[in-house]
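> Next comes the structure file coords.pdb, holding PDB, C-alpha atoms and all ligand atoms.
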```pdb
ATOM      1  CA  MET A 153     117.497  20.064 105.571
ATOM      2  CA  LYS A 154     114.780  19.994 108.191
ATOM      3  CA  GLU A 155     117.128  21.346 110.874
ATOM      4  CA  LYS A 156     118.270  24.114 108.523
ATOM      5  CA  MET A 157     114.657  25.153 107.864
ATOM      6  CA  GLU A 158     113.917  25.067 111.581
ATOM      7  CA  ALA A 159     116.930  27.358 112.210
ATOM      8  CA  ILE A 160     115.783  29.841 109.529
ATOM      9  CA  ARG A 161     112.265  29.844 110.977
ATOM     10  CA  SER A 162     113.304  30.521 114.549
ATOM     11  CA  SER A 163     115.931  33.153 113.745
ATOM     12  CA  ALA A 164     113.459  34.934 111.407
ATOM     13  CA  LEU A 165     110.750  34.959 114.071
ATOM     14  CA  GLU A 166     113.231  36.160 116.663
ATOM     15  CA  GLU A 167     114.384  39.047 114.452
ATOM     16  CA  ILE A 168     110.787  40.008 113.625
ATOM     17  CA  GLY A 169     110.053  40.149 117.345
ATOM     18  CA  LYS A 170     113.019  42.465 117.915
ATOM     19  CA  ALA A 171     112.265  44.910 115.052
ATOM     20  CA  ALA A 172     111.417  48.305 116.493
ATOM     21  CA  ASP A 173     109.857  49.985 113.425
ATOM     22  CA  SER A 174     108.722  49.357 109.844
ATOM     23  CA  SER A 175     112.140  50.000 108.305
ATOM     24  CA  GLU A 176     113.771  47.370 110.531
ATOM     25  CA  LEU A 177     111.003  44.915 109.589
ATOM     26  CA  GLU A 178     111.722  45.578 105.937
ATOM     27  CA  VAL A 179     115.358  44.631 106.498
ATOM     28  CA  VAL A 180     114.228  41.304 108.000
ATOM     29  CA  ARG A 181     111.844  40.659 105.109
ATOM     30  CA  VAL A 182     114.588  41.224 102.533
ATOM     31  CA  LYS A 183     117.012  39.042 104.523
ATOM     32  CA  TYR A 184     114.695  35.996 104.422
ATOM     33  CA  LEU A 185     112.179  36.465 101.615
ATOM     34  CA  GLY A 186     113.997  38.844  99.283
ATOM     35  CA  LYS A 187     115.482  37.818  95.918
ATOM     36  CA  LYS A 188     118.794  37.043  97.596
ATOM     37  CA  GLY A 189     117.139  35.987 100.849
ATOM     38  CA  GLU A 190     117.931  32.796 102.783
ATOM     39  CA  LEU A 191     114.640  31.047 102.001
ATOM     40  CA  THR A 192     114.880  31.919  98.336
ATOM     41  CA  ALA A 193     118.395  30.437  98.275
ATOM     42  CA  VAL A 194     117.003  27.139  99.592
ATOM     43  CA  LEU A 195     114.309  27.104  96.881
ATOM     44  CA  ARG A 196     116.970  27.790  94.233
ATOM     45  CA  SER A 197     119.103  24.857  95.419
ATOM     46  CA  MET A 198     116.194  22.403  95.018
ATOM     47  CA  GLY A 199     117.332  21.603  91.472
ATOM     48  CA  SER A 200     120.055  19.411  92.930
ATOM     49  CA  LEU A 201     117.550  17.280  94.897
ATOM     50  CA  SER A 202     116.140  13.957  93.741
ATOM     51  CA  ALA A 203     112.589  13.725  92.359
ATOM     52  CA  GLU A 204     111.314  12.114  95.586
ATOM     53  CA  GLU A 205     112.956  14.677  97.882
ATOM     54  CA  ARG A 206     111.819  17.773  95.975
ATOM     55  CA  PRO A 207     108.077  17.841  96.948
ATOM     56  CA  VAL A 208     108.878  17.066 100.592
ATOM     57  CA  VAL A 209     111.440  19.833 100.902
ATOM     58  CA  GLY A 210     109.226  22.216  98.855
ATOM     59  CA  LYS A 211     106.392  21.648 101.278
ATOM     60  CA  VAL A 212     108.584  22.440 104.300
ATOM     61  CA  VAL A 213     110.003  25.590 102.652
ATOM     62  CA  ASN A 214     106.512  26.837 101.817
ATOM     63  CA  GLU A 215     105.304  26.218 105.368
ATOM     64  CA  VAL A 216     108.237  28.172 106.784
ATOM     65  CA  ARG A 217     107.654  30.988 104.304
ATOM     66  CA  GLU A 218     103.989  31.199 105.282
ATOM     67  CA  VAL A 219     104.875  31.360 108.971
ATOM     68  CA  ILE A 220     107.436  34.115 108.364
ATOM     69  CA  GLU A 221     105.030  36.099 106.112
ATOM     70  CA  ALA A 222     102.244  35.883 108.693
ATOM     71  CA  ALA A 223     104.597  36.980 111.470
ATOM     72  CA  LEU A 224     105.793  39.913 109.340
ATOM     73  CA  GLN A 225     102.212  40.949 108.600
ATOM     74  CA  ASP A 226     101.269  40.936 112.283
ATOM     75  CA  ALA A 227     104.400  42.843 113.205
ATOM     76  CA  VAL A 228     103.745  45.481 110.499
ATOM     77  CA  SER A 229     100.223  46.179 111.719
ATOM     78  CA  ALA A 230     101.326  46.196 115.361
ATOM     79  CA  ILE A 231     104.051  48.729 114.564
ATOM     80  CA  LYS A 232     101.658  50.862 112.493
ATOM     81  CA  ASN A 233      99.212  50.964 115.385
ATOM     82  CA  ARG A 234     101.979  51.889 117.750
ATOM     83  CA  GLU A 235     103.204  54.665 115.458
ATOM     84  CA  LYS A 236      99.645  55.997 115.065
ATOM     85  CA  GLU A 237      99.124  56.046 118.825
ATOM     86  CA  GLN A 238     102.420  57.843 119.289
ATOM     87  CA  LYS A 239     101.417  60.431 116.712
ATOM     88  CA  LEU A 240      98.067  61.007 118.370
ATOM     89  CA  LYS A 241      99.815  61.418 121.699
ATOM     90  CA  ASN A 242     102.268  63.955 120.251
ATOM     91  CA  ASP A 243      99.559  65.862 118.396
ATOM     92  CA  VAL A 244      97.540  66.660 121.482
ATOM     93  CA  ILE A 245      96.018  70.134 121.215
ATOM     94  CA  ASP A 246      96.969  72.321 124.123
ATOM     95  CA  ILE A 247      93.830  74.375 124.655
ATOM     96  CA  SER A 248      95.585  76.490 127.260
ATOM     97  CA  LEU A 249      97.885  77.991 124.581
ATOM     98  CA  PRO A 250      96.915  81.480 123.372
ATOM     99  CA  GLY A 251      95.482  81.359 119.812
ATOM    100  CA  LYS A 252      96.907  82.963 116.685
ATOM    101  CA  LYS A 253      95.778  86.555 116.311
ATOM    102  CA  ASN A 254      93.793  87.506 113.216
ATOM    103  CA  PHE A 255      94.849  90.910 111.990
ATOM    104  CA  ILE A 256      92.091  92.820 110.271
ATOM    105  CA  GLY A 257      93.456  95.087 107.581
ATOM    106  CA  LYS A 258      92.232  98.570 106.880
ATOM    107  CA  ARG A 259      91.944 100.861 103.915
ATOM    108  CA  HIS A 260      95.087 102.421 102.544
ATOM    109  CA  PRO A 261      94.873 106.230 102.909
ATOM    110  CA  LEU A 262      95.133 106.594  99.103
ATOM    111  CA  GLU A 263      92.261 104.194  98.540
ATOM    112  CA  ALA A 264      90.161 105.870 101.245
ATOM    113  CA  ALA A 265      90.724 109.339  99.736
ATOM    114  CA  LEU A 266      89.932 108.055  96.247
ATOM    115  CA  GLU A 267      86.710 106.517  97.531
ATOM    116  CA  ASN A 268      85.765 109.768  99.228
ATOM    117  CA  MET A 269      86.440 111.794  96.048
ATOM    118  CA  LYS A 270      84.429 109.380  93.905
ATOM    119  CA  GLU A 271      81.457 109.594  96.262
ATOM    120  CA  ILE A 272      81.447 113.380  96.061
ATOM    121  CA  PHE A 273      81.430 113.374  92.247
ATOM    122  CA  ILE A 274      78.834 110.598  92.059
ATOM    123  CA  SER A 275      76.580 112.759  94.261
ATOM    124  CA  MET A 276      76.910 115.521  91.621
ATOM    125  CA  GLY A 277      75.806 113.157  88.832
ATOM    126  CA  PHE A 278      79.200 112.131  87.442
ATOM    127  CA  THR A 279      79.890 108.618  86.159
ATOM    128  CA  ILE A 280      83.172 106.790  86.829
ATOM    129  CA  GLU A 281      85.055 105.633  83.717
ATOM    130  CA  GLU A 282      88.170 103.518  83.385
ATOM    131  CA  GLY A 283      90.696 102.921  80.616
ATOM    132  CA  PRO A 284      93.901 100.989  79.887
ATOM    133  CA  GLU A 285      97.097 101.795  81.794
ATOM    134  CA  VAL A 286      99.162 100.897  78.714
ATOM    135  CA  GLU A 287      98.061 103.438  76.144
ATOM    136  CA  THR A 288      98.841 104.322  72.541
ATOM    137  CA  ASN A 289     100.761 107.494  71.674
ATOM    138  CA  TYR A 290      97.648 108.666  69.887
ATOM    139  CA  TYR A 291      95.380 108.613  72.943
ATOM    140  CA  ASN A 292      98.069 109.661  75.402
ATOM    141  CA  PHE A 293      99.416 112.618  73.358
ATOM    142  CA  ASP A 294      98.060 113.366  69.866
ATOM    143  CA  ALA A 295      94.388 113.308  70.770
ATOM    144  CA  LEU A 296      95.128 115.631  73.684
ATOM    145  CA  ASN A 297      96.746 118.245  71.484
ATOM    146  CA  ILE A 298     100.270 117.410  72.711
ATOM    147  CA  PRO A 299     102.464 117.693  69.584
ATOM    148  CA  GLU A 300     105.482 115.508  68.737
ATOM    149  CA  SER A 301     107.847 118.296  69.845
ATOM    150  CA  HIS A 302     106.322 118.716  73.314
ATOM    151  CA  PRO A 303     108.794 117.962  76.167
ATOM    152  CA  ALA A 304     106.203 115.708  77.890
ATOM    153  CA  ARG A 305     106.740 113.217  75.060
ATOM    154  CA  SER A 306     110.465 112.841  75.675
ATOM    155  CA  GLU A 307     111.867 109.614  77.075
ATOM    156  CA  GLN A 308     112.947 111.516  80.178
ATOM    157  CA  ASP A 309     109.311 112.023  81.077
ATOM    158  CA  THR A 310     107.528 108.963  79.760
ATOM    159  CA  PHE A 311     107.886 105.178  79.971
ATOM    160  CA  TYR A 312     107.743 103.838  76.415
ATOM    161  CA  ILE A 313     106.682 100.217  75.864
ATOM    162  CA  ASN A 314     107.663 100.561  72.206
ATOM    163  CA  GLU A 315     107.543 103.390  69.630
ATOM    164  CA  ASN A 316     103.765 103.568  69.720
ATOM    165  CA  MET A 317     102.839 102.489  73.247
ATOM    166  CA  VAL A 318     103.393 104.200  76.596
ATOM    167  CA  LEU A 319     102.440 103.747  80.221
ATOM    168  CA  ARG A 320      99.802 106.466  80.362
ATOM    169  CA  THR A 321     101.122 109.723  81.791
ATOM    170  CA  ALA A 322      97.666 110.936  82.787
ATOM    171  CA  THR A 323      94.128 109.595  82.930
ATOM    172  CA  SER A 324      93.055 112.046  80.192
ATOM    173  CA  PRO A 325      93.162 109.362  77.436
ATOM    174  CA  VAL A 326      90.118 107.829  79.134
ATOM    175  CA  GLN A 327      88.232 111.044  78.367
ATOM    176  CA  VAL A 328      89.044 110.905  74.661
ATOM    177  CA  ARG A 329      88.039 107.252  74.479
ATOM    178  CA  TYR A 330      84.806 108.078  76.268
ATOM    179  CA  MET A 331      84.035 111.044  73.983
ATOM    180  CA  GLN A 332      84.524 108.862  70.897
ATOM    181  CA  LYS A 333      82.023 106.296  72.149
ATOM    182  CA  ASN A 334      79.420 108.528  73.794
ATOM    183  CA  GLU A 335      77.301 111.500  72.781
ATOM    184  CA  PRO A 336      77.063 114.589  75.016
ATOM    185  CA  PRO A 337      75.900 115.346  77.619
ATOM    186  CA  ILE A 338      79.022 113.855  79.231
ATOM    187  CA  LYS A 339      79.750 114.107  82.942
ATOM    188  CA  MET A 340      82.491 111.727  83.989
ATOM    189  CA  ILE A 341      85.539 111.263  86.175
ATOM    190  CA  SER A 342      88.436 108.901  85.442
ATOM    191  CA  PRO A 343      90.413 108.013  88.559
ATOM    192  CA  GLY A 344      93.451 105.743  88.250
ATOM    193  CA  LYS A 345      97.152 105.019  88.243
ATOM    194  CA  VAL A 346      99.499 107.022  86.005
ATOM    195  CA  PHE A 347     103.216 106.745  85.283
ATOM    196  CA  ARG A 348     106.107 109.178  84.784
ATOM    197  CA  SER A 349     109.756 108.467  84.317
ATOM    198  CA  ASP A 350     110.681 110.264  87.560
ATOM    199  CA  ALA A 351     113.292 109.142  90.077
ATOM    200  CA  LEU A 352     111.745 108.266  93.434
ATOM    201  CA  ASP A 353     112.240 110.977  96.050
ATOM    202  CA  ALA A 354     110.193 112.769  98.720
ATOM    203  CA  THR A 355     108.008 114.570  96.184
ATOM    204  CA  HIS A 356     108.208 112.330  93.082
ATOM    205  CA  SER A 357     107.094 108.780  92.408
ATOM    206  CA  PRO A 358     107.155 106.934  89.067
ATOM    207  CA  ILE A 359     103.636 105.728  89.895
ATOM    208  CA  PHE A 360     100.939 107.919  91.329
ATOM    209  CA  TYR A 361      97.186 108.401  91.249
ATOM    210  CA  GLN A 362      95.219 110.955  89.326
ATOM    211  CA  MET A 363      91.606 111.877  89.064
ATOM    212  CA  GLU A 364      90.443 113.743  86.027
ATOM    213  CA  GLY A 365      86.994 114.948  85.179
ATOM    214  CA  LEU A 366      85.159 115.999  82.022
ATOM    215  CA  VAL A 367      81.838 117.752  81.492
ATOM    216  CA  ILE A 368      80.490 118.412  77.976
ATOM    217  CA  ASP A 369      77.104 119.759  76.986
ATOM    218  CA  LYS A 370      75.513 122.660  75.172
ATOM    219  CA  GLY A 371      76.221 125.973  76.883
ATOM    220  CA  ILE A 372      78.797 124.819  79.461
ATOM    221  CA  THR A 373      80.788 127.834  80.680
ATOM    222  CA  PHE A 374      83.676 128.627  83.006
ATOM    223  CA  SER A 375      81.100 129.387  85.746
ATOM    224  CA  ASP A 376      80.022 125.728  85.674
ATOM    225  CA  LEU A 377      83.668 124.743  86.130
ATOM    226  CA  LYS A 378      84.108 127.094  89.084
ATOM    227  CA  GLY A 379      80.866 126.056  90.763
ATOM    228  CA  THR A 380      81.548 122.327  90.410
ATOM    229  CA  LEU A 381      85.139 122.448  91.675
ATOM    230  CA  ASP A 382      84.313 124.854  94.498
ATOM    231  CA  LEU A 383      81.573 122.488  95.716
ATOM    232  CA  PHE A 384      83.938 119.507  95.454
ATOM    233  CA  VAL A 385      86.592 121.217  97.568
ATOM    234  CA  ARG A 386      84.114 122.227 100.268
ATOM    235  CA  LYS A 387      82.702 118.690 100.451
ATOM    236  CA  MET A 388      86.213 117.231 100.568
ATOM    237  CA  PHE A 389      87.876 119.623 103.023
ATOM    238  CA  GLY A 390      85.062 121.442 104.821
ATOM    239  CA  ASP A 391      82.705 124.406 104.343
ATOM    240  CA  LYS A 392      85.209 127.032 105.455
ATOM    241  CA  VAL A 393      87.606 126.395 102.572
ATOM    242  CA  LYS A 394      87.684 129.104  99.892
ATOM    243  CA  THR A 395      88.983 128.725  96.345
ATOM    244  CA  LYS A 396      90.657 130.943  93.759
ATOM    245  CA  PHE A 397      91.686 130.446  90.151
ATOM    246  CA  ARG A 398      94.972 131.534  88.553
ATOM    247  CA  PRO A 399      95.543 131.591  84.767
ATOM    248  CA  HIS A 400      97.777 128.750  83.570
ATOM    249  CA  TYR A 401      98.647 126.860  80.391
ATOM    250  CA  PHE A 402      97.694 123.295  79.408
ATOM    251  CA  PRO A 403      97.731 122.083  75.788
ATOM    252  CA  PHE A 404      94.320 120.415  76.052
ATOM    253  CA  THR A 405      92.324 123.275  77.613
ATOM    254  CA  GLU A 406      91.788 126.914  76.636
ATOM    255  CA  PRO A 407      91.538 128.985  78.765
ATOM    256  CA  SER A 408      93.322 127.036  81.481
ATOM    257  CA  ALA A 409      93.679 127.684  85.192
ATOM    258  CA  GLU A 410      95.099 126.314  88.379
ATOM    259  CA  MET A 411      92.845 126.247  91.391
ATOM    260  CA  ASP A 412      94.100 127.036  94.877
ATOM    261  CA  ALA A 413      92.221 126.422  98.114
ATOM    262  CA  THR A 414      92.699 128.130 101.446
ATOM    263  CA  CYS A 415      94.959 126.005 103.623
ATOM    264  CA  PHE A 416      92.808 123.588 105.621
ATOM    265  CA  VAL A 417      95.459 123.291 108.301
ATOM    266  CA  CYS A 418      95.658 127.005 109.222
ATOM    267  CA  ASN A 419      92.430 128.237 107.556
ATOM    268  CA  GLY A 420      94.413 130.647 105.415
ATOM    269  CA  GLU A 421      96.455 132.275 108.161
ATOM    270  CA  GLY A 422      99.762 130.802 106.997
ATOM    271  CA  CYS A 423     101.593 127.716 108.294
ATOM    272  CA  LYS A 424     104.296 125.181 107.390
ATOM    273  CA  VAL A 425     101.970 123.164 105.114
ATOM    274  CA  CYS A 426     101.028 126.187 102.942
ATOM    275  CA  LYS A 427     104.519 127.672 103.299
ATOM    276  CA  GLY A 428     103.072 130.757 104.982
ATOM    277  CA  SER A 429     100.923 131.797 102.022
ATOM    278  CA  GLY A 430      97.584 130.575 103.382
ATOM    279  CA  TRP A 431      96.854 128.955  99.997
ATOM    280  CA  ILE A 432      97.411 125.442  98.645
ATOM    281  CA  GLU A 433      97.666 124.578  94.976
ATOM    282  CA  LEU A 434      95.074 121.836  94.404
ATOM    283  CA  LEU A 435      94.374 121.114  90.749
ATOM    284  CA  GLY A 436      94.575 122.110  87.111
ATOM    285  CA  CYS A 437      91.491 122.821  84.997
ATOM    286  CA  GLY A 438      90.129 124.669  81.992
ATOM    287  CA  MET A 439      87.656 124.762  79.131
ATOM    288  CA  VAL A 440      88.202 121.795  76.782
ATOM    289  CA  HIS A 441      90.271 122.850  73.732
ATOM    290  CA  PRO A 442      88.171 122.777  70.519
ATOM    291  CA  GLU A 443      90.791 120.511  68.933
ATOM    292  CA  VAL A 444      90.381 117.955  71.741
ATOM    293  CA  LEU A 445      86.605 118.021  71.212
ATOM    294  CA  ARG A 446      87.119 117.457  67.476
ATOM    295  CA  GLN A 447      89.453 114.498  68.198
ATOM    296  CA  GLY A 448      86.677 113.103  70.368
ATOM    297  CA  GLY A 449      84.218 113.391  67.486
ATOM    298  CA  ILE A 450      82.312 116.285  69.069
ATOM    299  CA  ASP A 451      81.472 119.503  67.201
ATOM    300  CA  PRO A 452      83.011 122.464  69.116
ATOM    301  CA  GLU A 453      80.554 124.825  67.375
ATOM    302  CA  VAL A 454      77.676 123.082  69.143
ATOM    303  CA  TYR A 455      79.172 121.826  72.393
ATOM    304  CA  SER A 456      81.548 123.156  75.001
ATOM    305  CA  GLY A 457      82.916 121.662  78.173
ATOM    306  CA  PHE A 458      85.404 121.802  80.994
ATOM    307  CA  ALA A 459      88.007 119.393  82.313
ATOM    308  CA  PHE A 460      90.066 119.147  85.466
ATOM    309  CA  GLY A 461      92.748 116.910  86.913
ATOM    310  CA  MET A 462      94.255 116.471  90.327
ATOM    311  CA  GLY A 463      96.884 114.327  91.994
ATOM    312  CA  VAL A 464      95.245 112.046  94.546
ATOM    313  CA  ASP A 465      98.573 111.485  96.332
ATOM    314  CA  ARG A 466      99.040 115.213  96.731
ATOM    315  CA  ILE A 467      95.589 115.611  98.249
ATOM    316  CA  VAL A 468      96.216 112.738 100.698
ATOM    317  CA  MET A 469      99.593 114.228 101.641
ATOM    318  CA  LEU A 470      98.017 117.642 102.243
ATOM    319  CA  LYS A 471      95.130 116.170 104.206
ATOM    320  CA  TYR A 472      97.373 114.214 106.579
ATOM    321  CA  GLY A 473     100.350 116.572 106.579
ATOM    322  CA  LEU A 474     102.744 114.029 104.985
ATOM    323  CA  ASP A 475     106.027 115.370 103.659
ATOM    324  CA  ASP A 476     107.183 112.248 101.774
ATOM    325  CA  ILE A 477     105.232 110.545  98.964
ATOM    326  CA  ARG A 478     107.271 107.334  99.431
ATOM    327  CA  LEU A 479     105.333 106.653 102.655
ATOM    328  CA  LEU A 480     102.276 105.944 100.496
ATOM    329  CA  TYR A 481     104.004 103.190  98.517
ATOM    330  CA  GLU A 482     106.259 101.443 101.044
ATOM    331  CA  SER A 483     103.481  99.443 102.767
ATOM    332  CA  ASP A 484     105.090  99.999 106.154
ATOM    333  CA  MET A 485     102.484  98.813 108.684
ATOM    334  CA  ARG A 486     103.773 101.217 111.342
ATOM    335  CA  PHE A 487     102.802 104.056 109.025
ATOM    336  CA  LEU A 488      99.557 102.569 107.659
ATOM    337  CA  ASN A 489      98.206 101.630 111.092
ATOM    338  CA  GLN A 490      97.952 105.311 111.974
ATOM    339  CA  PHE A 491      94.993 105.842 109.660
TER     340      PHE A 491
HETATM  341 ZN    ZN A 501      98.492 126.714 106.202
END
```
Once you've parsed the file, please lay out its structure as structure tokens.

Amino acid sequence: MKEKMEAIRSSALEEIGKAADSSELEVVRVKYLGKKGELTAVLRSMGSLSAEERPVVGKVVNEVREVIEAALQDAVSAIKNREKEQKLKNDVIDISLPGKKNFIGKRHPLEAALENMKEIFISMGFTIEEGPEVETNYYNFDALNIPESHPARSEQDTFYINENMVLRTATSPVQVRYMQKNEPPIKMISPGKVFRSDALDATHSPIFYQMEGLVIDKGITFSDLKGTLDLFVRKMFGDKVKTKFRPHYFPFTEPSAEMDATCFVCNGEGCKVCKGSGWIELLGCGMVHPEVLRQGGIDPEVYSGFAFGMGVDRIVMLKYGLDDIRLLYESDMRFLNQF
């Protein structure tokens, strides 16, 4: 028995010495100390020994086990140290390598134009109001004097969430909501995202940006509308730009007009951007329809007002001479880095 234990001890120590890493050490541990290990087998066989032999053999087995356990422990920490040192050696920072570049982003042209437009209106005393992008039929259509039969309400033109909810087709619902909660005088703009069920092409996008404005007070006339919008255009595009108004139809204003500005590329002489006419169609506007005022809880006998709306995308495209609206939504860095 003693020779057998001596053999186990020396072969275990030899194998521990040879183990190259922690997984090999684990194999050795299982081989000798595991449930089916050699030393465990000896302990199991002790039942067949006599009462005098048992404590003697038990003592030897325990001594051998302690020696093997101690050797394993030492080997484990030696290997761990070695592995740590190796890792430190491999992880050396090469300070001669060029660093990672930090790219600083910049404003998207749409966002920059929107910011610019807001600043101009704030300087004229307007407040900025926001509303939900998912809107009820009532606020998106009924309250704006757009009847059930109007083509704008068809599924070809509008994204319906369900029978009563739509993705807003304009930012005008914000104006109605604001009128219902606030007393005149009102002087607000509502910039934001709007949605139409249009296929994406060079001039159409199912998502685009709008900025609408509303002014209501006693004695507001069409001259106030003209003065305000004329000033806006000159601040936005330069002092040389002239404006003109053409009669138009919108359900929520009466009378309604479209405003043109002299082309800021050719100063009205005629070029590709203005298609030779010297004029660019900029926005729609008009005096708020009495019915819309009533829906907003405002007495049209006492108050009057004007409203206007413009496509922010269109203004950005005109300003930078872009011929494809998709460029504004593709997030192509080669395009965006030019601004
Ligand atoms: Zn032009």
> For Glu263 (chain A), work out the shell of residues within 12 Å, counting all atoms listed in the file and skipping chain neighbours fewer than 3 positions away, then give it as an NGL selection string.
:A and (258-260 or 266-270 or 343-345 or 360-362 or 464-465 or 467-468 or 480-481 or 488 or 491)
> Can you tell me how far CA of Tyr472 (chain A) sits from CA of Cys426 (chain A), in Å to one decimal?
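CA of Tyr472 (chain A) sits 13.0 Å away from CA of Cys426 (chain A).
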> Can you pull out the residues contacting Gln225 (chain A)? Cut-off 12 Å, using all atoms listed in the file, and skip same-chain residues under 6 positions away; I want them as a ChimeraX atom specification.
/A:165,168-169,174,177-178,181,218-219,231-232
> Those selected residues, please, written with C-alpha atoms and delivered as a PDB file, in the frame of the given file.

```pdb
ATOM      1  CA  LEU A 165     110.750  34.959 114.071  1.00  0.00           C
ATOM      2  CA  ILE A 168     110.787  40.008 113.625  1.00  0.00           C
ATOM      3  CA  GLY A 169     110.053  40.149 117.345  1.00  0.00           C
ATOM      4  CA  SER A 174     108.722  49.357 109.844  1.00  0.00           C
ATOM      5  CA  LEU A 177     111.003  44.915 109.589  1.00  0.00           C
ATOM      6  CA  GLU A 178     111.722  45.578 105.937  1.00  0.00           C
ATOM      7  CA  ARG A 181     111.844  40.659 105.109  1.00  0.00           C
ATOM      8  CA  GLU A 218     103.989  31.199 105.282  1.00  0.00           C
ATOM      9  CA  VAL A 219     104.875  31.360 108.971  1.00  0.00           C
ATOM     10  CA  ILE A 231     104.051  48.729 114.564  1.00  0.00           C
ATOM     11  CA  LYS A 232     101.658  50.862 112.493  1.00  0.00           C
TER      12      LYS A 232
END
```
> Could you tell me which residues the PyMOL selection byres (((not hetatm)) within 8 of (chain A and resi 501)) grabs in this file, written as an MDAnalysis selection string?
chainID A and resid 414:432
> Restricting the calculation to only C-alpha atoms: of A:Leu319, A:Ile313, A:Leu377, A:Leu366, which residue gets closest to Tyr291 (chain A)?
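Closest candidate: A:Leu319.
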> Find, counting all atoms listed in the file, the residue in A:Glu300, A:Glu205, A:Glu155, A:Ile220 that gets nearest to Glu167 (chain A).
A:Ile220
> Apply the PyMOL selection byres (((chain A and resi 374) around 9) and not hetatm) to the displayed file and report the matching residues as a PyMOL selection string.
chain A and resi 372-373+375-379+407+438-439+457-458
> Calculated over all atoms listed in the file, which of the candidates A:Glu335, A:Glu190, A:Glu237, A:Asp484 has the smallest distance to Asp451 (chain A)?
A:Glu335
> Got a sec: who's within 8 Å of Gly210 (chain A), counting only C-alpha atoms, leaving out chain neighbours fewer than 4 positions off, as a list in words?
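Near neighbours after the sequence-gap exclusion: Leu195, Met198, Arg206 and Asn214 of chain A.
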> Check the smallest atom-to-atom distance from each of A:Val208, A:Met411, A:Ile274, A:Ala164 to Gly189 (chain A) using only C-alpha atoms, then report the winner.
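Of A:Val208, A:Met411, A:Ile274, A:Ala164, the one nearest Gly189 (chain A) is A:Ala164, counting only C-alpha atoms.
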> CA of Ala171 (chain A) and CA of Ala227 (chain A) are how many Å apart?
8.3 Å
> Rounded to one decimal place, report the CA of Pro261 (chain A)-CA of Ala459 (chain A) distance in Å.
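Between CA of Pro261 (chain A) and CA of Ala459 (chain A) the gap is 25.4 Å.
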> For Phe311 (chain A), list every protein, DNA or RNA residue within 9 Å, evaluated using all atoms listed in the file, and leave out those in the same chain fewer than 2 positions away; present the list as a PDB file with C-alpha atoms, keeping the file's coordinate frame.

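Okay, selection16.pdb is ready:
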```pdb
ATOM      1  CA  GLU A 307     111.867 109.614  77.075  1.00  0.00           C
ATOM      2  CA  GLN A 308     112.947 111.516  80.178  1.00  0.00           C
ATOM      3  CA  ASP A 309     109.311 112.023  81.077  1.00  0.00           C
ATOM      4  CA  ILE A 313     106.682 100.217  75.864  1.00  0.00           C
ATOM      5  CA  MET A 317     102.839 102.489  73.247  1.00  0.00           C
ATOM      6  CA  VAL A 318     103.393 104.200  76.596  1.00  0.00           C
ATOM      7  CA  LEU A 319     102.440 103.747  80.221  1.00  0.00           C
ATOM      8  CA  ARG A 320      99.802 106.466  80.362  1.00  0.00           C
ATOM      9  CA  THR A 321     101.122 109.723  81.791  1.00  0.00           C
ATOM     10  CA  PHE A 347     103.216 106.745  85.283  1.00  0.00           C
ATOM     11  CA  ARG A 348     106.107 109.178  84.784  1.00  0.00           C
ATOM     12  CA  SER A 349     109.756 108.467  84.317  1.00  0.00           C
TER      13      SER A 349
END
```
> Just so the selection is clear, what residues does the PyMOL selection byres (((chain A and resi 461) around 9) and not hetatm) cover here, as a PyMOL selection string?
chain A and resi 322-324+362-365+435-437+459-460+462-463
> Name the residues in contact with Asn334 (chain A) at a cut-off of 10 Å, using only C-alpha atoms, excluding same-chain residues fewer than 4 positions from it; report them as a PyMOL selection string.
chain A and resi 328-330+338+448-450
> Pick from A:Phe278, A:Phe273, A:Tyr184, A:Tyr455: nearest to Ile368 (chain A), with all atoms listed in the file counted?
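Of all the options, A:Tyr455 lies closest to Ile368 (chain A).
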> Which protein, DNA or RNA residues have an atom at most 10 Å from (100.5, 129.6, 91.4), counting all atoms listed in the file? List them as a PyMOL selection string.
chain A and resi 397-400+409-412+431-434
> Counting all atoms listed in the file, figure out which residue out of A:Asp353, A:Glu406, A:Glu443, A:Glu166 gets nearest to Arg478 (chain A).
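Ranking A:Asp353, A:Glu406, A:Glu443, A:Glu166 by distance to Arg478 (chain A), first place goes to A:Asp353.
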